[in-house]
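Engineer: Sharing structure-v6.tsv here; it has TSV, C-alpha atoms.
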```
chain	number	residue	atom	x	y	z
N	87	MET	CA	-8.21	43.68	15.27
N	88	ALA	CA	-8.37	41.37	12.23
N	89	ASP	CA	-11.15	41.57	9.63
N	90	TYR	CA	-12.77	38.34	8.46
N	91	LEU	CA	-15.30	38.13	5.65
N	92	PHE	CA	-17.89	35.37	6.22
N	93	ILE	CA	-20.05	34.18	3.34
N	94	LEU	CA	-23.02	32.13	4.51
N	95	ASN	CA	-25.07	29.75	2.39
N	96	PRO	CA	-28.63	29.67	3.80
N	97	ASN	CA	-29.28	26.46	1.83
N	98	SER	CA	-26.53	24.34	3.40
N	99	GLY	CA	-27.54	20.82	4.20
N	100	THR	CA	-27.65	20.55	7.98
N	101	SER	CA	-29.86	21.92	10.73
N	102	ILE	CA	-27.24	24.64	11.26
N	103	GLY	CA	-27.75	25.70	7.66
N	104	LYS	CA	-31.46	25.98	8.32
N	105	ASN	CA	-30.84	28.27	11.35
N	106	ILE	CA	-28.55	30.66	9.54
N	107	ASP	CA	-29.57	33.73	11.60
N	108	ALA	CA	-28.47	31.95	14.78
N	109	VAL	CA	-25.23	30.99	13.04
N	110	ALA	CA	-24.60	34.61	12.08
N	111	HIS	CA	-25.26	35.72	15.67
N	112	THR	CA	-22.78	33.10	16.98
N	113	ILE	CA	-20.14	34.30	14.52
N	114	ASP	CA	-20.61	37.92	15.58
N	115	SER	CA	-20.45	37.05	19.28
N	116	PHE	CA	-17.38	34.85	18.91
N	117	ALA	CA	-15.56	37.46	16.82
N	118	GLU	CA	-16.29	40.16	19.39
N	119	LYS	CA	-15.12	37.90	22.21
N	120	THR	CA	-11.82	37.21	20.43
N	121	GLN	CA	-11.37	40.87	19.43
N	122	ASN	CA	-11.86	40.20	15.73
N	123	SER	CA	-14.22	41.83	13.27
N	124	ALA	CA	-16.77	39.73	11.35
N	125	HIS	CA	-18.33	40.99	8.13
N	126	ILE	CA	-21.16	38.67	7.05
N	127	LEU	CA	-22.73	38.26	3.61
N	128	PHE	CA	-25.43	35.82	2.49
N	129	THR	CA	-25.60	33.94	-0.81
N	130	GLU	CA	-28.77	34.00	-2.88
N	131	GLY	CA	-28.19	31.07	-5.23
N	132	ARG	CA	-25.69	28.86	-7.01
N	133	GLY	CA	-22.60	30.79	-8.10
N	134	HIS	CA	-23.36	33.84	-5.94
N	135	ALA	CA	-20.57	33.12	-3.43
N	136	THR	CA	-18.00	33.39	-6.23
N	137	GLU	CA	-19.43	36.78	-7.25
N	138	LEU	CA	-19.34	38.01	-3.64
N	139	VAL	CA	-15.67	37.05	-3.27
N	140	ARG	CA	-14.71	38.79	-6.52
N	141	GLU	CA	-16.60	41.93	-5.50
N	142	ASN	CA	-15.08	42.11	-2.01
N	143	VAL	CA	-11.64	40.46	-2.01
N	144	ASP	CA	-9.73	43.68	-2.69
N	145	LYS	CA	-11.90	45.96	-0.56
N	146	ASN	CA	-10.05	45.05	2.62
N	147	LYS	CA	-6.94	43.23	3.80
N	148	TRP	CA	-8.95	40.22	4.96
N	149	LYS	CA	-7.41	37.82	7.45
N	150	ALA	CA	-9.51	35.19	5.68
N	151	ILE	CA	-12.62	34.81	3.53
N	152	VAL	CA	-14.68	32.17	5.30
N	153	ALA	CA	-17.02	29.66	3.69
N	154	VAL	CA	-19.96	28.89	5.97
N	155	GLY	CA	-21.53	25.88	4.28
N	156	GLY	CA	-20.55	22.61	2.64
N	157	ASP	CA	-18.10	21.60	-0.07
N	158	GLY	CA	-20.13	23.38	-2.77
N	159	THR	CA	-19.89	26.66	-0.87
N	160	VAL	CA	-16.18	26.10	-0.20
N	161	ASN	CA	-15.66	25.47	-3.92
N	162	GLU	CA	-17.43	28.68	-4.95
N	163	ILE	CA	-15.48	30.79	-2.46
N	164	ALA	CA	-12.12	29.14	-3.16
N	165	GLN	CA	-12.27	29.46	-6.96
N	166	PRO	CA	-11.46	33.20	-7.15
N	167	LEU	CA	-8.85	32.81	-4.37
N	168	ILE	CA	-6.71	30.35	-6.35
N	169	GLY	CA	-3.27	31.96	-6.52
N	170	HIS	CA	-4.36	34.75	-4.14
N	171	ALA	CA	-2.62	35.49	-0.84
N	172	THR	CA	-5.91	35.69	1.09
N	173	PRO	CA	-6.68	32.31	2.71
N	174	VAL	CA	-9.97	30.44	2.80
N	175	GLY	CA	-11.48	29.64	6.18
N	176	ILE	CA	-14.08	26.89	6.58
N	177	LEU	CA	-17.00	26.63	8.99
N	178	PRO	CA	-18.33	23.23	7.89
N	179	VAL	CA	-22.13	23.26	8.12
N	180	GLY	CA	-22.89	21.36	4.91
N	181	SER	CA	-24.07	17.85	4.11
N	182	GLY	CA	-20.74	16.10	3.56
N	183	ASN	CA	-17.93	18.51	4.55
N	184	GLY	CA	-15.34	16.42	2.74
N	185	LEU	CA	-12.55	19.00	2.63
N	186	ALA	CA	-13.03	20.00	6.27
N	187	ARG	CA	-13.01	16.35	7.37
N	188	HIS	CA	-9.85	15.62	5.38
N	189	LEU	CA	-8.17	18.66	6.96
N	190	GLY	CA	-9.24	17.49	10.44
N	191	LEU	CA	-11.29	20.61	11.12
N	192	PRO	CA	-13.90	20.50	13.91
N	193	LEU	CA	-17.49	19.98	12.79
N	194	THR	CA	-19.21	21.98	15.55
N	195	LEU	CA	-19.69	25.70	15.01
N	196	GLU	CA	-17.97	26.95	18.18
N	197	ALA	CA	-14.97	24.64	17.81
N	198	SER	CA	-14.54	25.51	14.13
N	199	LEU	CA	-14.68	29.25	14.99
N	200	GLU	CA	-12.01	28.71	17.63
N	201	LYS	CA	-9.85	26.89	15.07
N	202	LEU	CA	-10.46	29.63	12.49
N	203	PHE	CA	-9.38	32.50	14.77
N	204	GLY	CA	-6.42	30.58	16.21
N	205	GLY	CA	-5.34	28.47	13.25
N	206	SER	CA	-2.40	28.60	10.87
N	207	VAL	CA	-2.26	28.84	7.09
N	208	ILE	CA	-1.24	25.98	4.80
N	209	THR	CA	-1.14	25.86	1.00
N	210	ILE	CA	-2.95	23.06	-0.82
N	211	ASP	CA	-3.37	21.86	-4.41
N	212	ASN	CA	-6.52	21.98	-6.47
N	213	GLY	CA	-7.70	19.86	-9.35
N	214	LEU	CA	-9.26	20.97	-12.63
N	215	ILE	CA	-11.87	19.08	-14.64
N	216	ASN	CA	-12.28	20.78	-18.02
N	217	ASP	CA	-10.85	23.88	-16.31
N	218	MET	CA	-13.47	23.81	-13.52
N	219	PRO	CA	-11.64	23.85	-10.16
N	220	PHE	CA	-12.25	21.22	-7.51
N	221	PHE	CA	-10.62	20.82	-4.12
N	222	CYS	CA	-11.96	17.47	-2.85
N	223	THR	CA	-12.95	15.07	-5.62
N	224	ALA	CA	-14.31	15.07	-9.15
N	225	GLY	CA	-15.41	12.26	-11.36
N	226	MET	CA	-17.99	10.47	-13.42
N	227	GLY	CA	-20.02	7.31	-13.33
N	228	PHE	CA	-21.98	6.22	-10.26
N	229	ASP	CA	-20.79	9.09	-8.03
N	230	ALA	CA	-21.95	11.72	-10.54
N	231	TYR	CA	-25.25	9.88	-10.99
N	232	VAL	CA	-25.85	9.89	-7.24
N	233	GLY	CA	-24.76	13.54	-7.05
N	234	GLN	CA	-27.38	14.47	-9.62
N	235	LEU	CA	-30.13	12.56	-7.77
N	236	PHE	CA	-29.01	13.94	-4.38
N	237	SER	CA	-29.15	17.53	-5.67
N	238	GLN	CA	-32.85	17.02	-6.47
N	239	GLN	CA	-33.79	16.00	-2.92
N	240	LEU	CA	-35.66	18.33	-0.57
N	241	SER	CA	-33.63	17.22	2.47
N	242	ARG	CA	-29.85	16.82	2.69
N	243	GLY	CA	-27.50	15.03	5.08
N	244	LEU	CA	-26.05	11.54	5.41
N	245	ALA	CA	-29.35	9.67	5.73
N	246	THR	CA	-30.65	11.15	2.48
N	247	TYR	CA	-27.34	10.44	0.73
N	248	ILE	CA	-27.36	6.79	1.80
N	249	ASN	CA	-31.01	6.39	0.78
N	250	VAL	CA	-30.38	7.92	-2.66
N	251	SER	CA	-27.21	5.85	-3.16
N	252	PHE	CA	-28.96	2.59	-2.22
N	253	LYS	CA	-31.83	3.17	-4.65
N	254	ALA	CA	-29.47	4.29	-7.43
N	255	TYR	CA	-27.25	1.24	-6.95
N	256	TRP	CA	-29.90	-1.19	-8.22
N	257	ASP	CA	-30.67	0.52	-11.53
N	258	TYR	CA	-27.27	2.03	-12.39
N	259	LYS	CA	-25.37	0.56	-15.35
N	260	PRO	CA	-21.55	0.77	-15.54
N	261	GLN	CA	-20.19	2.94	-18.35
N	262	VAL	CA	-17.45	2.75	-20.96
N	263	PHE	CA	-14.64	5.30	-20.74
N	264	ARG	CA	-11.47	5.74	-22.78
N	265	VAL	CA	-8.72	6.84	-20.42
N	266	ASN	CA	-5.78	8.19	-22.43
N	267	GLY	CA	-7.08	6.15	-25.35
N	268	GLN	CA	-7.46	2.90	-23.42
N	269	LYS	CA	-10.98	1.46	-23.17
N	270	THR	CA	-12.08	1.07	-19.55
N	271	ASP	CA	-15.39	-0.34	-18.30
N	272	ALA	CA	-16.04	1.32	-14.96
N	273	PHE	CA	-18.67	1.58	-12.26
N	274	SER	CA	-17.07	4.90	-11.30
N	275	LEU	CA	-14.01	6.95	-12.13
N	276	THR	CA	-12.88	9.34	-9.39
N	277	PHE	CA	-10.07	11.89	-9.26
N	278	ALA	CA	-9.19	12.66	-5.65
N	279	ASN	CA	-7.28	15.68	-4.39
N	280	ALA	CA	-8.60	15.11	-0.87
N	281	GLY	CA	-9.23	11.56	0.26
N	282	GLN	CA	-13.00	11.55	0.64
N	283	PHE	CA	-16.29	12.54	-0.95
N	284	GLY	CA	-17.63	13.71	2.42
N	285	ASN	CA	-19.40	12.05	5.36
N	286	ASN	CA	-16.16	10.06	5.87
N	287	ALA	CA	-16.62	8.12	2.61
N	288	TRP	CA	-12.91	7.66	1.88
N	289	VAL	CA	-12.50	6.86	-1.82
N	290	ALA	CA	-8.73	7.52	-1.78
N	291	PRO	CA	-7.47	7.01	1.80
N	292	HIS	CA	-3.86	7.84	0.89
N	293	ALA	CA	-4.56	11.05	-1.05
N	294	SER	CA	-2.71	14.19	0.00
N	295	LEU	CA	-3.76	17.79	-0.57
N	296	GLN	CA	-0.14	18.91	-0.84
N	297	ASP	CA	1.69	16.32	-2.97
N	298	GLY	CA	1.11	17.80	-6.44
N	299	ILE	CA	-0.75	14.72	-7.70
N	300	LEU	CA	-4.30	13.42	-7.99
N	301	ASP	CA	-5.26	9.88	-6.99
N	302	GLU	CA	-7.27	8.30	-9.81
N	303	CYS	CA	-9.58	5.59	-8.47
N	304	THR	CA	-11.25	3.24	-10.95
N	305	ILE	CA	-13.95	0.94	-9.61
N	306	LYS	CA	-14.63	-1.72	-12.21
N	307	PRO	CA	-17.99	-3.44	-12.71
N	308	PHE	CA	-18.57	-5.93	-9.90
N	309	PRO	CA	-21.18	-8.47	-8.83
N	310	LYS	CA	-24.02	-7.10	-6.70
N	311	TRP	CA	-22.84	-8.99	-3.61
N	312	PHE	CA	-19.61	-6.94	-3.59
N	313	GLY	CA	-21.56	-3.72	-2.99
N	314	THR	CA	-21.82	-4.34	0.76
N	315	SER	CA	-18.07	-4.92	1.03
N	316	LEU	CA	-17.37	-1.83	-1.08
N	317	ALA	CA	-19.55	0.37	1.15
N	318	TYR	CA	-17.92	-1.04	4.30
N	319	GLN	CA	-14.41	-0.33	2.96
N	320	LEU	CA	-15.44	3.15	1.85
N	321	PHE	CA	-16.75	4.21	5.26
N	322	THR	CA	-13.99	2.53	7.29
N	323	LYS	CA	-11.15	4.14	5.28
N	324	GLN	CA	-10.03	0.71	4.02
N	325	LEU	CA	-10.64	0.99	0.27
N	326	LYS	CA	-7.58	-0.48	-1.46
N	327	THR	CA	-6.38	-2.05	-4.70
N	328	SER	CA	-8.23	-5.27	-5.43
N	329	LYS	CA	-9.80	-7.24	-8.28
N	330	TYR	CA	-12.36	-4.48	-8.74
N	331	ILE	CA	-10.47	-1.38	-7.57
N	332	SER	CA	-7.33	0.20	-9.02
N	333	TYR	CA	-5.40	3.37	-8.20
N	334	ARG	CA	-3.05	5.52	-10.25
N	335	HIS	CA	-1.18	8.74	-9.48
N	336	ILE	CA	-1.66	11.36	-12.18
N	337	THR	CA	-0.89	15.00	-12.89
N	338	GLU	CA	-2.97	15.08	-16.08
N	339	THR	CA	-5.21	12.67	-17.96
N	340	LEU	CA	-7.79	12.64	-20.77
N	341	VAL	CA	-11.07	10.75	-20.51
N	342	GLU	CA	-13.37	10.30	-23.51
N	343	THR	CA	-16.95	9.04	-23.54
N	344	ASP	CA	-19.41	8.13	-26.29
N	345	THR	CA	-21.81	10.89	-25.25
N	346	PRO	CA	-21.28	13.97	-23.03
N	347	PRO	CA	-21.44	12.68	-19.45
N	348	ILE	CA	-22.72	14.04	-16.19
N	349	ILE	CA	-19.73	14.77	-13.96
N	350	HIS	CA	-19.44	16.00	-10.41
N	351	TYR	CA	-16.92	18.35	-8.88
N	352	ASP	CA	-16.89	18.58	-5.09
N	353	GLY	CA	-20.27	16.86	-5.11
N	354	GLU	CA	-21.93	19.35	-7.47
N	355	PRO	CA	-23.38	17.60	-10.56
N	356	PHE	CA	-22.81	19.13	-13.98
N	357	GLN	CA	-23.90	18.04	-17.45
N	358	LEU	CA	-21.02	18.46	-19.89
N	359	GLU	CA	-21.55	19.41	-23.53
N	360	THR	CA	-18.39	17.62	-24.68
N	361	ASN	CA	-17.32	13.98	-24.58
N	362	LYS	CA	-13.69	14.92	-23.86
N	363	ILE	CA	-12.82	15.47	-20.20
N	364	ARG	CA	-9.35	16.67	-19.25
N	365	ILE	CA	-8.33	16.36	-15.61
N	366	LYS	CA	-5.18	17.92	-14.18
N	367	ILE	CA	-3.57	19.12	-10.96
N	368	ASN	CA	-2.78	22.72	-10.07
N	369	PRO	CA	-0.13	22.41	-7.31
N	370	GLN	CA	0.23	24.70	-4.29
N	371	SER	CA	-2.57	26.99	-5.39
N	372	LEU	CA	-4.83	27.79	-2.41
N	373	ASN	CA	-4.17	29.06	1.10
N	374	VAL	CA	-6.38	27.51	3.77
N	375	ILE	CA	-6.65	28.05	7.54
N	376	VAL	CA	-6.36	24.82	9.56
```
Could you write out this structure as structure tokens?
Structural biologist:
Amino acid sequence: MADYLFILNPNSGTSIGKNIDAVAHTIDSFAEKTQNSAHILFTEGRGHATELVRENVDKNKWKAIVAVGGDGTVNEIAQPLIGHATPVGILPVGSGNGLARHLGLPLTLEASLEKLFGGSVITIDNGLINDMPFFCTAGMGFDAYVGQLFSQQLSRGLATYINVSFKAYWDYKPQVFRVNGQKTDAFSLTFANAGQFGNNAWVAPHASLQDGILDECTIKPFPKWFGTSLAYQLFTKQLKTSKYISYRHITETLVETDTPPIIHYDGEPFQLETNKIRIKINPQSLNVIV
């Protein structure tokens, strides 16, 4: 019998997240049916999942420590497991589920449990933005602005995200960045380890989690009419180099701004206190069940 530690975020963005007791019951039942042992803990706020992993990782020889939530929950659980033999499992019940979608994991609870108990382990890279780990994407500009607004909403999910993005689009002003000393006007600047933000919004369709590089995507200021085309390309996995979009493979880069910016890492907004942002890759650093 294998022991799995499940960490559930009661504040995840979907209806499953709002019925967390039923989720816990399903996990227990499925584990018993497959002759596995499920140990379940609940988070009580931002950052708590990281504390729970640190407190429990060495208490047992866990088959996996499982994030039950969205990309924010995955991030918190994965951080202390960077460089650790214990793999991360993912039951994607969040708003965007970007990492799970990139990995091709099922998005229903029963199917994702089946994949968890019968899956194999792969090793992926992670990114760092000013030494804060991310596993999907990080960046600044419009995406961080939307992330900040989205975090303030009472409801989550795709509909809320689209509504917030649409409203933000009309009053957002592109920013000036210096990327490795070179001045760059940009609508957004994204560093992609995985290919998407979540909700199948593919900002870097060719990104790989295992290639030891980050895909830097710069979206330059564009006329308002291009916004519809940009959104269509984003959600149909067709975003590519154009007059307004450029890509670069990096292992490390330095971005400077006039004032400390709001950034996002795996969708979580964060106000920096410095105007220097260093982004780099940490190759082959995290074990994940797929």
Engineer: Here is a test: counting all atoms listed in the file, which residue of N:Asp89, N:Glu200, N:Asp107, N:Glu354 is nearest to N:Ile176?
Structural biologist: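 Residue with the minimum atom-to-atom distance to N:Ile176: N:Glu200.
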Engineer: Could you tell me how far atom CA of N:Thr304 sits from atom CA of N:Thr339, in Å to one decimal place?
Structural biologist: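 Straight-line distance from atom CA of N:Thr339 to atom CA of N:Thr304 works out to 13.2 Å.
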Engineer: Would you mind telling me which residue in N:Gly205, N:Gly190, N:Pro166, N:Gly281 lies nearest to N:Asp301 when using only C-alpha atoms?
Structural biologist: N:Gly281
Engineer: Pick from N:Leu167, N:Ala254, N:Ile365, N:Leu193: nearest to N:Tyr351, with only C-alpha atoms counted?
Structural biologist: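 Among the listed residues, the smallest separation from N:Tyr351 belongs to N:Ile365.
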Engineer: Which residues of stretch 252-294 of chain N come within 9 Å of stretch 228-245 of chain N, and for each one, what is the closest pair of atoms and their distance in Å to one decimal, counting all atoms listed in the file, sorted by chain and residue number, as CSV?
Structural biologist:
```
residue,atom,partner,partner_atom,distance
N:Ala254,CA,N:Val232,CA,6.7
N:Tyr255,CA,N:Phe228,CA,8.0
N:Tyr258,CA,N:Phe228,CA,7.1
N:Lys259,CA,N:Phe228,CA,8.3
N:Pro260,CA,N:Phe228,CA,7.6
N:Gln261,CA,N:Phe228,CA,8.9
N:Phe273,CA,N:Phe228,CA,6.0
N:Ser274,CA,N:Phe228,CA,5.2
N:Leu275,CA,N:Asp229,CA,8.2
N:Thr276,CA,N:Asp229,CA,8.0
N:Asn285,CA,N:Leu244,CA,6.7
```
Engineer: So that I can check the surroundings of N:Ala197, please list as a list of chain:residue names every protein, DNA and RNA residue that reaches within 12 Å of it, counting all atoms listed in the file and ignoring chain neighbours fewer than 2 positions away.
Structural biologist: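 Counting all atoms listed in the file, the residues come to N:Thr112, N:Ile113, N:Phe116, N:Ile176, N:Leu177, N:Pro178, N:Gly190, N:Leu191, N:Pro192, N:Leu193, N:Thr194, N:Leu195, N:Leu199, N:Glu200, N:Lys201, N:Leu202, N:Phe203, N:Gly204, N:Gly205, N:Val376.
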